[in-house]
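File shown here: entry-v9.txt, holding compact mmCIF, C-alpha atoms.
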# COMPACT_ATOMS: atom_id res chain seq x y z
CA MET V 1 16.96 6.61 24.00
CA SER V 2 13.42 7.45 24.82
CA LEU V 3 13.20 9.95 22.00
CA LEU V 4 14.88 7.82 19.36
CA PRO V 5 11.86 6.60 17.35
CA TYR V 6 10.46 10.10 17.11
CA LEU V 7 13.78 11.43 15.91
CA ILE V 8 14.02 8.66 13.34
CA ALA V 9 10.55 9.57 12.08
CA ALA V 10 11.51 13.25 11.81
CA TRP V 11 14.76 12.36 10.03
CA LEU V 12 12.97 10.14 7.50
CA PHE V 13 10.44 12.88 6.85
CA LEU V 14 13.13 15.44 6.12
CA VAL V 15 15.24 13.04 4.08
CA GLY V 16 12.25 12.13 1.95
CA LEU V 17 11.44 15.80 1.41
CA TYR V 18 15.03 16.45 0.43
CA GLY V 19 14.75 13.68 -2.12
CA ILE V 20 11.60 15.15 -3.62
CA VAL V 21 13.00 18.65 -3.79
CA THR V 22 16.30 17.70 -5.38
CA SER V 23 14.95 14.97 -7.60
CA ARG V 24 15.81 14.87 -11.27
CA ASN V 25 13.48 12.06 -12.19
CA LEU V 26 9.74 11.87 -11.62
CA VAL V 27 9.70 8.20 -10.64
CA HIS V 28 12.42 8.85 -8.08
CA ALA V 29 10.25 11.61 -6.57
CA VAL V 30 7.30 9.23 -6.20
CA VAL V 31 9.41 6.71 -4.31
CA CYS V 32 10.72 9.47 -2.03
CA LEU V 33 7.12 10.40 -1.30
CA SER V 34 6.50 6.88 -0.06
CA VAL V 35 9.51 7.25 2.24
CA VAL V 36 7.90 10.40 3.69
CA GLN V 37 4.68 8.45 4.24
CA SER V 38 6.55 5.68 6.02
CA SER V 39 7.90 8.20 8.50
CA THR V 40 4.36 8.94 9.61
CA TYR V 41 3.71 5.24 10.16
CA ILE V 42 6.72 5.01 12.44
CA LEU V 43 5.64 8.07 14.40
CA LEU V 44 2.13 6.69 14.90
CA LEU V 45 3.28 3.26 16.00
CA ALA V 46 5.92 4.66 18.31
CA ILE V 47 3.30 6.72 20.10
CA GLY V 48 1.14 3.69 20.71
CA TYR V 49 3.88 1.41 21.90
CA GLU V 50 4.01 0.20 25.46
CA ARG V 51 7.20 -1.39 26.63
CA GLY V 52 6.57 -5.01 27.50
CA GLY V 53 3.14 -5.01 25.94
CA THR V 54 2.12 -7.62 23.47
CA ALA V 55 0.09 -7.41 20.29
CA PRO V 56 -3.56 -6.40 20.80
CA ILE V 57 -4.90 -9.76 19.65
CA PHE V 58 -6.52 -11.80 22.37
CA LEU V 59 -6.90 -15.12 20.64
CA ASP V 60 -4.59 -17.05 22.88
CA VAL V 61 -3.77 -14.67 25.69
CA PRO V 62 -6.33 -13.80 28.33
CA VAL V 63 -8.05 -10.47 28.12
CA GLY V 64 -6.34 -8.06 30.41
CA THR V 65 -2.71 -8.70 29.51
CA ARG V 66 -1.00 -5.47 28.70
CA ALA V 67 -1.11 -4.76 25.00
CA VAL V 68 -0.08 -1.94 22.76
CA ASP V 69 -2.53 0.56 21.41
CA PRO V 70 -4.84 -0.88 18.75
CA VAL V 71 -6.09 2.45 17.45
CA VAL V 72 -2.77 3.49 15.91
CA SER V 73 -2.35 0.04 14.36
CA ALA V 74 -5.76 0.38 12.76
CA LEU V 75 -4.91 3.84 11.41
CA THR V 76 -1.56 2.73 10.03
CA LEU V 77 -2.65 -0.42 8.28
CA THR V 78 -5.30 1.20 6.15
CA ASP V 79 -2.92 4.06 5.54
CA ILE V 80 -0.30 1.74 4.02
CA VAL V 81 -2.65 0.25 1.46
CA VAL V 82 -4.12 3.60 0.52
CA GLY V 83 -0.66 5.14 0.25
CA ALA V 84 0.41 2.50 -2.22
CA THR V 85 -2.66 3.14 -4.34
CA VAL V 86 -1.97 6.86 -4.42
CA SER V 87 1.60 6.11 -5.48
CA ALA V 88 0.20 4.01 -8.30
CA LEU V 89 -1.89 6.98 -9.40
CA LEU V 90 1.19 9.19 -9.38
CA LEU V 91 3.15 6.63 -11.39
CA ALA V 92 0.38 6.57 -13.98
CA LEU V 93 0.61 10.36 -14.15
CA ALA V 94 4.35 10.07 -14.66
CA VAL V 95 3.90 7.62 -17.51
CA GLN V 96 1.43 9.90 -19.24
CA THR V 97 3.74 12.86 -18.74
CA TYR V 98 6.51 10.91 -20.36
CA LYS V 99 4.30 10.17 -23.32
CA ARG V 100 3.49 13.79 -23.80
CA HIS V 101 6.89 15.34 -23.21
CA GLY V 102 9.30 12.55 -23.97
CA THR V 103 11.27 12.94 -20.78
CA LEU V 104 11.03 12.27 -17.06
CA ASP V 105 13.60 14.87 -16.17
CA THR V 106 12.14 17.45 -13.82
CA GLU V 107 14.43 20.16 -15.13
CA GLU V 108 12.58 20.07 -18.40
CA PHE V 109 9.27 21.14 -16.93
CA ARG V 110 10.24 24.73 -16.49
CA SER V 111 7.23 26.59 -17.75
CA VAL V 112 3.66 25.46 -17.52
CA ARG V 113 2.49 27.09 -20.69
CA ASP V 114 3.97 25.15 -23.56
CA MET P 115 15.81 1.29 14.29
CA LEU P 116 18.89 3.12 13.13
CA LEU P 117 18.90 0.61 10.30
CA VAL P 118 15.52 1.97 9.24
CA ALA P 119 16.86 5.50 9.13
CA ALA P 120 19.84 4.33 7.11
CA GLY P 121 17.51 2.39 4.82
CA GLY P 122 15.31 5.40 4.19
CA THR P 123 18.31 7.54 3.41
CA ALA P 124 19.57 4.89 1.01
CA VAL P 125 16.26 4.86 -0.83
CA VAL P 126 16.41 8.59 -1.35
CA LEU P 127 20.06 8.64 -2.34
CA THR P 128 19.66 5.97 -5.00
CA ARG P 129 19.04 8.17 -7.99
CA GLU P 130 18.49 5.65 -10.71
CA PRO P 131 14.82 4.55 -10.48
CA LEU P 132 15.52 0.98 -11.48
CA ASN P 133 17.98 0.46 -8.63
CA GLN P 134 15.73 2.44 -6.38
CA ALA P 135 12.89 -0.02 -6.86
CA ILE P 136 15.00 -2.86 -5.45
CA VAL P 137 16.28 -0.75 -2.57
CA ALA P 138 12.72 0.33 -1.82
CA SER P 139 11.65 -3.29 -1.69
CA PHE P 140 14.32 -4.07 0.91
CA TYR P 141 13.38 -0.97 2.84
CA GLY P 142 9.77 -2.13 2.87
CA LEU P 143 10.81 -5.48 4.26
CA LEU P 144 12.93 -3.78 6.91
CA LEU P 145 9.99 -1.58 7.91
CA GLY P 146 7.79 -4.65 8.16
CA VAL P 147 10.21 -6.30 10.56
CA MET P 148 10.32 -3.15 12.62
CA PHE P 149 6.55 -3.03 12.82
CA LEU P 150 6.68 -6.56 14.21
CA VAL P 151 9.09 -5.33 16.88
CA PHE P 152 6.47 -2.69 17.63
CA GLN P 153 4.02 -5.53 18.33
CA SER P 154 1.71 -4.72 15.43
CA PRO P 155 1.42 -7.82 13.27
CA ASP P 156 -1.45 -6.40 11.20
CA VAL P 157 0.59 -3.43 10.14
CA ALA P 158 3.63 -5.58 9.45
CA LEU P 159 1.59 -7.87 7.20
CA SER P 160 0.22 -4.89 5.30
CA GLN P 161 3.61 -3.32 4.90
CA ILE P 162 5.29 -6.48 3.66
CA THR P 163 2.67 -7.33 1.09
CA VAL P 164 2.28 -3.81 -0.19
CA GLY P 165 5.63 -2.14 0.25
CA ALA P 166 7.84 -5.06 -0.68
CA VAL P 167 5.79 -6.58 -3.47
CA ALA P 168 3.14 -4.37 -4.97
CA LEU P 169 4.95 -1.05 -4.93
CA PRO P 170 8.26 -2.15 -6.53
CA LEU P 171 6.22 -4.06 -9.08
CA MET P 172 4.35 -0.94 -10.13
CA ILE P 173 7.56 1.05 -10.29
CA LEU P 174 9.15 -1.58 -12.50
CA LEU P 175 6.15 -1.67 -14.78
CA ALA P 176 6.10 2.10 -15.13
CA LEU P 177 9.80 2.06 -15.95
CA ALA P 178 9.32 -0.71 -18.50
CA LYS P 179 6.71 1.36 -20.25
CA VAL P 180 8.97 4.38 -20.25
CA ARG P 181 11.84 2.42 -21.70
CA ALA P 182 9.63 0.90 -24.36
CA LEU P 183 8.60 4.32 -25.53
CA GLY P 184 12.20 5.13 -26.36
CA GLY P 185 11.82 8.80 -26.06
CA ARG P 186 12.09 11.81 -28.23
CA LYS P 187 14.66 13.25 -25.86
CA GLU P 188 17.01 11.05 -23.89
CA ASP P 189 16.33 11.42 -20.20
CA ARG P 190 19.38 12.79 -18.46
CA GLU P 191 20.16 12.03 -14.90
CA MET Z 192 15.76 28.57 -9.51
CA SER Z 193 18.83 26.55 -10.21
CA PRO Z 194 19.23 23.14 -8.58
CA SER Z 195 22.07 24.05 -6.26
CA LEU Z 196 20.29 27.17 -5.07
CA ARG Z 197 17.19 25.13 -4.48
CA ARG Z 198 19.20 22.61 -2.52
CA ARG Z 199 20.69 25.27 -0.29
CA VAL Z 200 17.34 26.93 0.38
CA PHE Z 201 15.88 23.56 1.23
CA LEU Z 202 18.68 22.69 3.63
CA VAL Z 203 18.15 25.93 5.52
CA ALA Z 204 14.41 25.35 5.66
CA ALA Z 205 14.92 21.74 6.69
CA ALA Z 206 17.21 22.78 9.52
CA VAL Z 207 14.55 25.15 10.85
CA ALA Z 208 11.80 22.56 10.38
CA GLY Z 209 13.95 19.90 11.97
CA ALA Z 210 14.57 22.05 15.01
CA LEU Z 211 10.86 22.74 15.35
CA LEU Z 212 10.06 19.04 14.96
CA VAL Z 213 12.54 17.99 17.62
CA TRP Z 214 11.25 20.62 19.97
CA GLY Z 215 7.70 19.46 19.41
CA LEU Z 216 8.48 15.77 19.61
CA SER Z 217 10.33 16.12 22.88
CA GLY Z 218 7.06 17.17 24.43
CA LEU Z 219 5.61 13.74 23.75
CA PRO Z 220 5.59 11.19 26.56
CA ASP Z 221 8.63 8.97 26.61
CA TYR Z 222 8.73 6.13 24.14
CA GLY Z 223 7.53 2.94 25.71
CA ILE Z 224 5.30 4.49 28.31
CA TYR Z 225 1.81 4.65 26.98
CA ARG Z 226 -0.40 7.14 28.68
CA GLY Z 227 -3.38 7.49 26.40
CA PRO Z 228 -6.65 6.22 27.81
CA TYR Z 229 -8.20 4.90 24.61
CA GLY Z 230 -5.87 1.99 24.02
CA ASP Z 231 -6.29 0.57 27.48
CA VAL Z 232 -10.05 1.05 27.46
CA LEU Z 233 -10.37 -0.60 24.06
CA ASN Z 234 -8.19 -3.54 24.97
CA ALA Z 235 -10.25 -4.14 28.06
CA VAL Z 236 -13.73 -3.90 26.57
CA ALA Z 237 -13.47 -4.79 22.91
CA VAL Z 238 -13.49 -8.53 23.33
CA GLY Z 239 -16.43 -8.38 25.66
CA GLU Z 240 -18.43 -5.91 23.63
CA ARG Z 241 -17.81 -7.17 20.14
CA HIS Z 242 -16.68 -10.75 20.65
CA ALA Z 243 -13.76 -10.15 18.33
CA THR Z 244 -10.32 -11.20 19.48
CA ASN Z 245 -8.47 -9.00 17.02
CA VAL Z 246 -8.93 -5.64 18.65
CA VAL Z 247 -7.24 -3.81 15.78
CA ALA Z 248 -9.81 -5.19 13.35
CA ALA Z 249 -12.59 -4.29 15.76
CA VAL Z 250 -11.32 -0.73 15.81
CA THR Z 251 -10.93 -0.51 12.05
CA PHE Z 252 -14.23 -1.99 11.03
CA ASP Z 253 -16.50 -1.35 13.96
CA TYR Z 254 -15.53 1.44 16.29
CA ARG Z 255 -14.10 3.54 13.47
CA GLY Z 256 -15.95 1.96 10.59
CA VAL Z 257 -16.72 5.30 8.99
CA ASP Z 258 -13.04 6.16 8.62
CA THR Z 259 -12.36 2.85 6.95
CA MET Z 260 -15.22 3.42 4.55
CA GLY Z 261 -13.63 6.69 3.53
CA GLU Z 262 -10.25 5.07 3.02
CA GLU Z 263 -11.72 2.29 0.96
CA TYR Z 264 -13.24 4.88 -1.31
CA ILE Z 265 -9.89 6.57 -1.68
CA LEU Z 266 -8.64 3.25 -3.00
CA PHE Z 267 -11.60 2.96 -5.33
CA ALA Z 268 -11.12 6.49 -6.66
CA ALA Z 269 -7.40 5.97 -7.18
CA VAL Z 270 -8.01 2.81 -9.21
CA ILE Z 271 -10.52 4.71 -11.32
CA GLY Z 272 -7.93 7.45 -11.74
CA VAL Z 273 -5.31 5.02 -12.98
CA ALA Z 274 -7.77 3.41 -15.36
CA ILE Z 275 -8.63 6.81 -16.80
CA LEU Z 276 -5.05 8.00 -17.05
CA LEU Z 277 -3.82 4.89 -18.78
CA ARG Z 278 -6.60 4.51 -21.29
CA ALA Z 279 -5.52 4.28 -24.91
CA GLN Z 280 -4.80 7.66 -26.38
CA ARG Z 281 -5.88 8.82 -29.79
CA ASP Z 282 -2.78 7.69 -31.60
CA GLU Z 283 -2.33 4.40 -29.84
CA ARG Z 284 -3.92 1.13 -30.63
CA GLU Z 285 -4.12 -2.16 -28.88
CA GLU Z 286 -1.99 -4.86 -30.37
CA ALA Z 287 -1.67 -8.47 -29.54
CA PRO Z 288 1.09 -8.92 -27.01
CA ASP Z 289 4.49 -9.69 -28.36
CA GLU Z 290 4.34 -13.22 -27.07
CA ASP Z 291 2.01 -14.18 -29.90
CA ALA Z 292 4.32 -12.92 -32.60
CA ALA Z 293 5.95 -15.47 -34.81
CA ASP Z 294 9.40 -14.05 -34.17
CA ARG Z 295 9.32 -13.51 -30.43
CA ARG Z 296 12.38 -11.73 -29.22
CA ALA Z 297 12.05 -12.32 -25.50
CA PRO Z 298 12.69 -15.87 -24.29
CA GLY Z 299 9.70 -17.70 -22.92
CA THR Z 300 9.43 -18.31 -19.23
CA SER Z 301 11.47 -21.27 -18.15
CA ASN Z 302 9.70 -24.37 -17.02
CA ALA Z 303 11.01 -24.08 -13.49
CA VAL Z 304 9.40 -20.66 -13.05
CA ARG Z 305 6.19 -21.92 -14.54
CA VAL Z 306 5.95 -24.95 -12.28
CA LEU Z 307 6.90 -23.01 -9.18
CA GLY Z 308 4.41 -20.27 -9.95
CA LEU Z 309 1.55 -22.69 -10.49
CA ALA Z 310 2.47 -24.66 -7.39
CA LEU Z 311 2.48 -21.52 -5.29
CA LEU Z 312 -0.77 -20.22 -6.73
CA GLY Z 313 -3.05 -22.52 -4.74
CA PRO Z 314 -1.42 -21.84 -1.35
CA VAL Z 315 -1.27 -18.10 -1.99
CA VAL Z 316 -4.97 -17.88 -2.86
CA LEU Z 317 -5.86 -20.07 0.08
CA PHE Z 318 -3.73 -17.96 2.39
CA GLY Z 319 -5.37 -14.82 1.09
CA ILE Z 320 -8.85 -16.18 1.73
CA TYR Z 321 -7.74 -17.33 5.18
CA VAL Z 322 -6.40 -13.90 6.06
CA VAL Z 323 -9.60 -12.22 4.92
CA ALA Z 324 -11.91 -14.66 6.68
CA HIS Z 325 -10.01 -14.64 9.96
CA GLY Z 326 -9.64 -10.90 10.09
CA HIS Z 327 -11.50 -10.55 13.33
CA LEU Z 328 -9.65 -13.38 15.04
CA SER Z 329 -5.96 -13.16 14.23
CA PRO Z 330 -3.80 -10.55 12.53
CA GLY Z 331 -5.04 -9.72 9.10
CA GLY Z 332 -8.30 -8.60 7.66
CA GLY Z 333 -9.72 -7.37 4.43
CA PHE Z 334 -6.91 -5.06 3.39
CA GLN Z 335 -4.01 -7.46 3.87
CA GLY Z 336 -5.87 -10.49 2.55
CA GLY Z 337 -6.96 -8.58 -0.52
CA VAL Z 338 -3.39 -7.69 -1.44
CA VAL Z 339 -2.30 -11.29 -0.92
CA LEU Z 340 -5.03 -12.43 -3.31
CA ALA Z 341 -3.89 -9.89 -5.87
CA THR Z 342 -0.38 -11.31 -5.57
CA GLY Z 343 -1.87 -14.64 -6.55
CA ALA Z 344 -3.08 -13.13 -9.79
CA LEU Z 345 0.39 -11.73 -10.34
CA LEU Z 346 1.78 -15.25 -9.97
CA VAL Z 347 -0.41 -16.31 -12.87
CA TYR Z 348 1.19 -13.67 -15.05
CA LEU Z 349 4.73 -14.47 -13.95
CA SER Z 350 4.40 -18.17 -14.47
CA GLY Z 351 2.52 -18.05 -17.71
CA GLU Z 352 1.91 -15.69 -20.50
CA TYR Z 353 0.01 -12.48 -20.56
CA VAL Z 354 -2.84 -13.97 -22.53
CA THR Z 355 -3.39 -16.51 -19.78
CA LEU Z 356 -3.71 -13.69 -17.31
CA ARG Z 357 -6.17 -11.96 -19.55
CA ARG Z 358 -8.33 -15.02 -19.68
CA VAL Z 359 -8.12 -15.48 -15.94
CA ARG Z 360 -9.02 -11.91 -15.11
CA PRO Z 361 -11.94 -10.99 -17.30
CA GLU Z 362 -12.22 -7.29 -16.91
CA ALA Z 363 -15.97 -7.04 -16.57
CA LEU Z 364 -15.88 -9.51 -13.69
CA LEU Z 365 -13.16 -7.53 -11.95
CA ASP Z 366 -15.05 -4.27 -12.29
CA LEU Z 367 -18.11 -5.97 -10.88
CA ALA Z 368 -16.14 -7.43 -7.99
CA GLU Z 369 -14.58 -4.13 -7.09
CA SER Z 370 -17.80 -2.16 -7.19
CA SER Z 371 -19.71 -4.77 -5.25
CA GLY Z 372 -17.00 -4.74 -2.63
CA ALA Z 373 -17.30 -1.00 -2.25
CA ALA Z 374 -21.08 -1.08 -2.30
CA GLY Z 375 -21.16 -4.03 0.07
CA TYR Z 376 -19.52 -1.94 2.73
CA VAL Z 377 -22.27 0.64 2.56
CA ALA Z 378 -24.93 -2.09 2.37
CA VAL Z 379 -23.74 -3.63 5.62
CA GLY Z 380 -23.78 -0.21 7.17
CA LEU Z 381 -27.34 0.30 6.01
CA LEU Z 382 -28.28 -2.85 7.89
CA GLY Z 383 -27.71 -0.82 10.98
CA LEU Z 384 -30.10 1.84 9.75
CA ALA Z 385 -32.68 -0.79 8.92
CA ALA Z 386 -32.53 -2.12 12.45
CA GLY Z 387 -33.32 1.29 13.83
CA VAL Z 388 -29.93 2.29 15.21
CA THR Z 389 -27.10 4.35 13.73
CA PHE Z 390 -25.39 3.69 10.42
CA LEU Z 391 -22.68 1.00 10.62
CA GLU Z 392 -23.74 -0.09 14.06
CA ASN Z 393 -23.03 -3.73 14.77
CA VAL Z 394 -26.46 -5.34 14.79
CA LEU Z 395 -25.87 -8.91 13.71
CA PRO Z 396 -25.71 -11.61 16.40
CA LEU Z 397 -22.37 -11.49 18.10
CA GLY Z 398 -21.67 -15.15 18.59
CA GLN Z 399 -18.92 -16.56 20.74
CA ALA Z 400 -15.51 -14.92 20.74
CA GLY Z 401 -12.86 -16.92 18.98
CA THR Z 402 -15.07 -18.73 16.51
CA LEU Z 403 -15.27 -17.92 12.84
CA LEU Z 404 -18.83 -16.65 12.87
CA SER Z 405 -18.42 -14.25 15.75
CA SER Z 406 -18.42 -10.48 16.13
CA GLY Z 407 -21.50 -9.66 14.16
CA MET Z 408 -20.92 -7.81 10.96
CA ILE Z 409 -17.15 -7.49 11.13
CA PRO Z 410 -16.57 -10.62 9.02
CA LEU Z 411 -19.02 -9.28 6.44
CA ILE Z 412 -17.20 -6.00 6.18
CA ASN Z 413 -13.93 -7.91 5.99
CA LEU Z 414 -15.26 -9.85 3.02
CA ALA Z 415 -16.43 -6.71 1.29
CA VAL Z 416 -13.12 -4.94 1.83
CA GLY Z 417 -11.09 -7.99 0.83
CA LEU Z 418 -13.04 -8.30 -2.39
CA GLU Z 419 -12.60 -4.66 -3.20
CA VAL Z 420 -8.90 -4.48 -2.41
CA ALA Z 421 -8.10 -7.68 -4.32
CA ALA Z 422 -10.04 -6.59 -7.39
CA GLY Z 423 -8.62 -3.08 -7.15
CA PHE Z 424 -5.02 -4.20 -7.03
CA VAL Z 425 -5.45 -6.71 -9.84
CA LEU Z 426 -6.99 -3.92 -11.92
CA LEU Z 427 -4.06 -1.66 -11.11
CA LEU Z 428 -1.53 -4.30 -12.05
CA SER Z 429 -3.31 -5.17 -15.24
CA GLU Z 430 -3.55 -1.52 -16.27
CA PHE Z 431 0.19 -1.19 -15.97
CA LEU Z 432 0.78 -4.53 -17.67
CA GLU Z 433 -1.46 -3.58 -20.55
CA GLN Z 434 0.42 -0.40 -21.01
CA THR Z 435 3.67 -2.27 -21.17
CA LEU Z 436 2.65 -5.15 -23.33
CA VAL Z 437 -0.34 -4.27 -25.39
CA VAL Z 438 -0.87 -0.63 -26.08
CA ARG Z 439 1.46 0.60 -28.76
CA ARG Z 440 1.99 3.89 -30.40
CA PRO Z 441 3.60 4.40 -33.81
CA GLY Z 442 7.35 4.42 -33.68
CA GLU Z 443 7.57 2.53 -30.43
CA GLN Z 444 9.87 -0.41 -30.02
CA THR Z 445 9.49 -3.13 -27.44

Take the structure in the file and write it out as structure tokens.
Amino acid sequence: MSLLPYLIAAWLFLVGLYGIVTSRNLVHAVVCLSVVQSSTYILLLAIGYERGGTAPIFLDVPVGTRAVDPVVSALTLTDIVVGATVSALLLALAVQTYKRHGTLDTEEFRSVRD
Amino acid sequence: MLLVAAGGTAVVLTREPLNQAIVASFYGLLLGVMFLVFQSPDVALSQITVGAVALPLMILLALAKVRALGGRKEDRE
Amino acid sequence: MSPSLRRRVFLVAAAVAGALLVWGLSGLPDYGIYRGPYGDVLNAVAVGERHATNVVAAVTFDYRGVDTMGEEYILFAAVIGVAILLRAQRDEREEAPDEDAADRRAPGTSNAVRVLGLALLGPVVLFGIYVVAHGHLSPGGGFQGGVVLATGALLVYLSGEYVTLRRVRPEALLDLAESSGAAGYVAVGLLGLAAGVTFLENVLPLGQAGTLLSSGMIPLINLAVGLEVAAGFVLLLSEFLEQTLVVRRPGEQT
């Protein structure tokens, strides 16, 4: 039980990679990439978690109550927004590729020189 | 937490991008709830707004553009 | 390499990688028992040192402000990248969106959607501003509030027509907003240099913890980031929307 979140993160990472490797459609690959990114969020947050701790916001609880780690929360929340923006960039690339080659099927992009 | 693993697997296994966008939106919501369980409300807020709203929206828009272009070759799945 | 061969090679590699991962992860301390010193130290001193009750925001914008600056610029660069990638190509031209055509094929938005969208717009924008302004007090901050604000702009599109959105989001204003958000971050950091201490050091008066004007320059950075993220996401959305609705190439059907 104590290893479960880490195993879940590892599983999501590998599943996402599997999706990218065996993908037939560029948009599908981009979404699988976001799954891989989400596995890192889970790993980070699981490391910072303290059983019985509350959120690290001291607006209405006195300072000194046990709270979970704020550093990993800070890392993860900027990571999420930036990850979505990078996915948008990749989607724009996919759209342009479709315009140039007429297909999103990854099997078609065999050779680079065309 | 096992639900999250199942959700992630479902996102990958949904091949058709249009269906995948909806599944990804649910997965984002599920992740957001899990982040709340992890006592990180900031991260949960980020995840819900971005992963459940903005990301599926961009996927759908990209797909709409692709469909509008028709295509010189049909894209096979 | 054929697909099935690729799949098999990947499964072998994944098994090896998975074994390595599990072996490495089992060396971590048990889940639920937090042993790192930084979290406890930060939780104990952040409120006293920075007068900010949201310790996560204090970490993001103050203790590790440089990292957040870098991430904000990643966002900026990605939005620029999308704008460049989706610019009109040589054989495309901008057309008026289909909604203006005399024989519109798509049905107009129903009145229920329109009313609901407009009714929700005010609360969503207000909520976004609230999240940005209270970033140092309660969960939230520039990044989350900015995305909520961008969702407000999306509501305008959903509940109205594309031309309404175009009028509401004049592109020059958005570019200005996004750049000033990004530059504002550096400007606040330079305040630290002007006061004779290190870049991005918190030099403004700290105020009393729990009030809106507390924790020095964290609210200012929150504002800058919120502005930049909101403008950036609206730009992203409108780039994609323009591609779908406006830019046409010969032989394309809608």

So which residues touch Ala168 (chain P) within 12 Å, counting all atoms listed in the file, skipping near sequence neighbours fewer than 6 positions away, as an MDAnalysis selection string?
(chainID V and resid 80:81 83:85 87:88) or (chainID P and resid 135:136 138:139 142 160:162 174:175) or (chainID Z and resid 335 337:345 421 424:425 427:428 431)

Counting only C-alpha atoms, figure out which residue out of V:Asp105, V:Ala29, V:Lys99, V:Ser73 gets nearest to chain Z.
V:Ser73

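Proximity ranking of P:Leu150, P:Leu143, P:Ala119, P:Ala124 relative to chain V places P:Ala119 first, based on all atoms listed in the file.
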
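What separates CA of Ala249 (chain Z) from CA of Leu317 (chain Z) is a distance of 23.2 Å.
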
Between CA of Val273 (chain Z) and CA of Leu89 (chain V), what is the distance in Å, rounded to a tenth?
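CA of Leu89 (chain V) lies 5.3 Å from CA of Val273 (chain Z).
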
Chain V near chain P within 7 Å: what's each residue's closest atom pair and its distance in Å to one decimal, counting all atoms listed in the file, ordered by chain then ascending residue number, as a Markdown table?
| residue | atom | partner | partner_atom | distance |
| --- | --- | --- | --- | --- |
| V:Ile8 | CA | P:Ala119 | CA | 6.0 |
| V:Leu12 | CA | P:Gly122 | CA | 6.2 |
| V:Val15 | CA | P:Thr123 | CA | 6.3 |
| V:Gly16 | CA | P:Val126 | CA | 6.4 |
| V:Gly19 | CA | P:Val126 | CA | 5.4 |
| V:Arg24 | CA | P:Glu191 | CA | 6.3 |
| V:Val27 | CA | P:Pro131 | CA | 6.3 |
| V:His28 | CA | P:Pro131 | CA | 5.5 |
| V:Cys32 | CA | P:Val126 | CA | 5.8 |
| V:Val35 | CA | P:Gly122 | CA | 6.4 |
| V:Leu45 | CA | P:Phe152 | CA | 6.9 |
| V:Tyr49 | CA | P:Phe152 | CA | 6.5 |
| V:Thr54 | CA | P:Gln153 | CA | 5.9 |
| V:Ala55 | CA | P:Gln153 | CA | 4.8 |
| V:Ser73 | CA | P:Val157 | CA | 6.2 |
| V:Thr76 | CA | P:Val157 | CA | 6.5 |
| V:Leu77 | CA | P:Val157 | CA | 4.8 |
| V:Ile80 | CA | P:Gln161 | CA | 6.5 |
| V:Val81 | CA | P:Val164 | CA | 6.6 |
| V:Ala84 | CA | P:Leu169 | CA | 6.4 |
| V:Ala88 | CA | P:Met172 | CA | 6.7 |
| V:Leu91 | CA | P:Ala176 | CA | 6.6 |
| V:Val95 | CA | P:Ala176 | CA | 6.4 |
| V:Tyr98 | CA | P:Val180 | CA | 7.0 |
| V:Gly102 | CA | P:Gly185 | CA | 5.0 |
| V:Thr103 | CA | P:Asp189 | CA | 5.3 |
| V:Leu104 | CA | P:Asp189 | CA | 6.2 |
| V:Asp105 | CA | P:Asp189 | CA | 6.0 |

CA of Leu277 (chain Z) to CA of Ser38 (chain V), distance in Å rounded to a single decimal
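Computed distance, CA of Leu277 (chain Z) to CA of Ser38 (chain V), equals 26.9 Å.
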
Between V:Trp11, V:Leu44, V:Ala94, V:Asp69, which is the closest to chain Z once you count all atoms listed in the file?
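Smallest separation from chain Z among the options: V:Asp69.
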
Min atom-atom distance to chain P from the set Z:Ser429, Z:Thr259, Z:Ser217, Z:Ser195, counting only C-alpha atoms, belongs to Z:Ser429

Find the residue from Z:Val246, Z:Leu196, Z:Gly313, Z:Met260 that sits nearest to chain V; use only C-alpha atoms when measuring.
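Of Z:Val246, Z:Leu196, Z:Gly313, Z:Met260, the one nearest chain V is Z:Val246, counting only C-alpha atoms.
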
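Distance annotation: of Z:Ile265, Z:Val322, Z:Leu346, Z:Leu276, the residue with the minimal separation from Leu90 (chain V) is Z:Leu276; atom set is only C-alpha atoms.
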
Do you know which residues are at most 12 Å from Gly261 (chain Z) counting only C-alpha atoms, after dropping those on the same chain fewer than 5 positions away, and could you put them as a list in words?
Thr78, Asp79 and Val82 of chain V; Thr251, Phe252, Arg255, Gly256, Leu266, Phe267, Ala268, Ala373, Tyr376, Val377 and Val416 of chain Z
